[in-house]
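Remarks on the structure that follows.
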Amino acid sequence: MPPTGTVRLSIKARPRSYTAPMPTARDPLYQRHRFPPEVISHAVWLYFRFPLSLRMVEEMLATRGICVTYETVRQWGKKFGKAFADQIRQRAPARGDKWHMDEVVISIAGEHTGSGRAVDQNGIVLDVPVQRRRDTRAAQRLMKRLLNRRSSRPAS
């Protein structure tokens, strides 16, 4: 005869991509808002995760039957945006330890400028500066800025 009773499962090690559960309506951060936290978080997520304008987010919500102005989306982004941006950055894949540099000369308003691009071995773009000079000092400045943003050094 199989055992009877309640079985409780627990997760001991959470995966790296684990995030806190979706906020509930009782969360004090969402008090006095007309829309539920799910709608607010979806709008803020759309705005910060994809290169969308406030009006595009407004239109995307309107197609789902949610009537919100772009100004409301802007206010939500201002209030809740930092937390969402931090979560998106934490979920991003880790940067590789081998970096590659590309350089292209482009013309902006008739003036030649250099555009460098730093990419890791996984194809993740680390930085794309536009510089007037194409010399050693400019390259060193780019590398110094990249290394200051990163806690560990790349492999040489």
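Residue numbering restarts at 1 in every chain; chains get A, B, ... in the order shown in the structure tokens, and ligands count up from 1 in that same order.
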
Item checked: Contacts of segment 56-71 of chain A within 10 Å, only C-alpha atoms, excl. fewer than 2 positions in-chain, as a ChimeraX atom specification -> /A:35,39,42-47,50-54,73-77

Notebook entry, point to check: Counting only C-alpha atoms, what is within 12 Å of Arg149 of chain A, bar same-chain residues fewer than 5 positions away, as a PyMOL selection string?
Noted result: chain A and resi 95+126-127+142-144

Just N, CA, C and O atoms for this one: save the residues we selected as a compact mmCIF listing (two decimals), in the first residue's frame.
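Below you can see out-v5.txt, which holds the result:
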```txt
# COMPACT_ATOMS: atom_id res chain seq x y z
N ARG A 95 29.69 38.02 -18.97
CA ARG A 95 30.58 38.46 -20.04
C ARG A 95 31.73 37.46 -20.17
O ARG A 95 32.21 36.91 -19.19
N LEU A 126 30.21 44.91 -25.70
CA LEU A 126 30.56 45.53 -24.43
C LEU A 126 30.45 47.04 -24.47
O LEU A 126 29.99 47.67 -23.53
N ASP A 127 30.88 47.66 -25.58
CA ASP A 127 30.83 49.11 -25.70
C ASP A 127 31.02 49.50 -27.16
O ASP A 127 31.72 48.81 -27.90
N LEU A 142 39.34 53.55 -23.97
CA LEU A 142 38.25 52.59 -24.11
C LEU A 142 38.49 51.37 -23.24
O LEU A 142 37.60 50.92 -22.51
N MET A 143 39.68 50.81 -23.30
CA MET A 143 39.99 49.62 -22.51
C MET A 143 39.91 49.91 -21.01
O MET A 143 39.40 49.09 -20.24
N LYS A 144 40.39 51.06 -20.60
CA LYS A 144 40.34 51.43 -19.19
C LYS A 144 38.89 51.54 -18.72
O LYS A 144 38.53 51.07 -17.64
```

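Interatomic distance, atom CA of Thr72 of chain A to atom CA of Pro37 of chain A: 13.7 Å.
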
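Across the structure, atom CA of Pro36 of chain A and atom CA of Lys78 of chain A are spaced 17.2 Å apart.
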
Margin query: Which of segment 22-145 of chain A end up as strand (DSSP E or B) when DSSP is run on this backbone - answer as a list in words?
Written below: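 Listing strand (DSSP E or B) positions across segment 22-145 of chain A yields Trp99, His100, Met101, Asp102, Glu103, Val104, Val105, Ile106, Ser107, Ile108, Glu111, His112, Thr113, Gly114, Ser115, Gly116, Arg117, Ala118, Val119, Asp120, Val125, Leu126, Asp127, Val130 and Gln131 of chain A.
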
Check: Using only C-alpha atoms, which residues sit within 10 Å of Asp120 of chain A once same-chain residues fewer than 2 positions away are excluded, as a PyMOL selection string?
Finding: chain A and resi 95-101+118+122-126+154
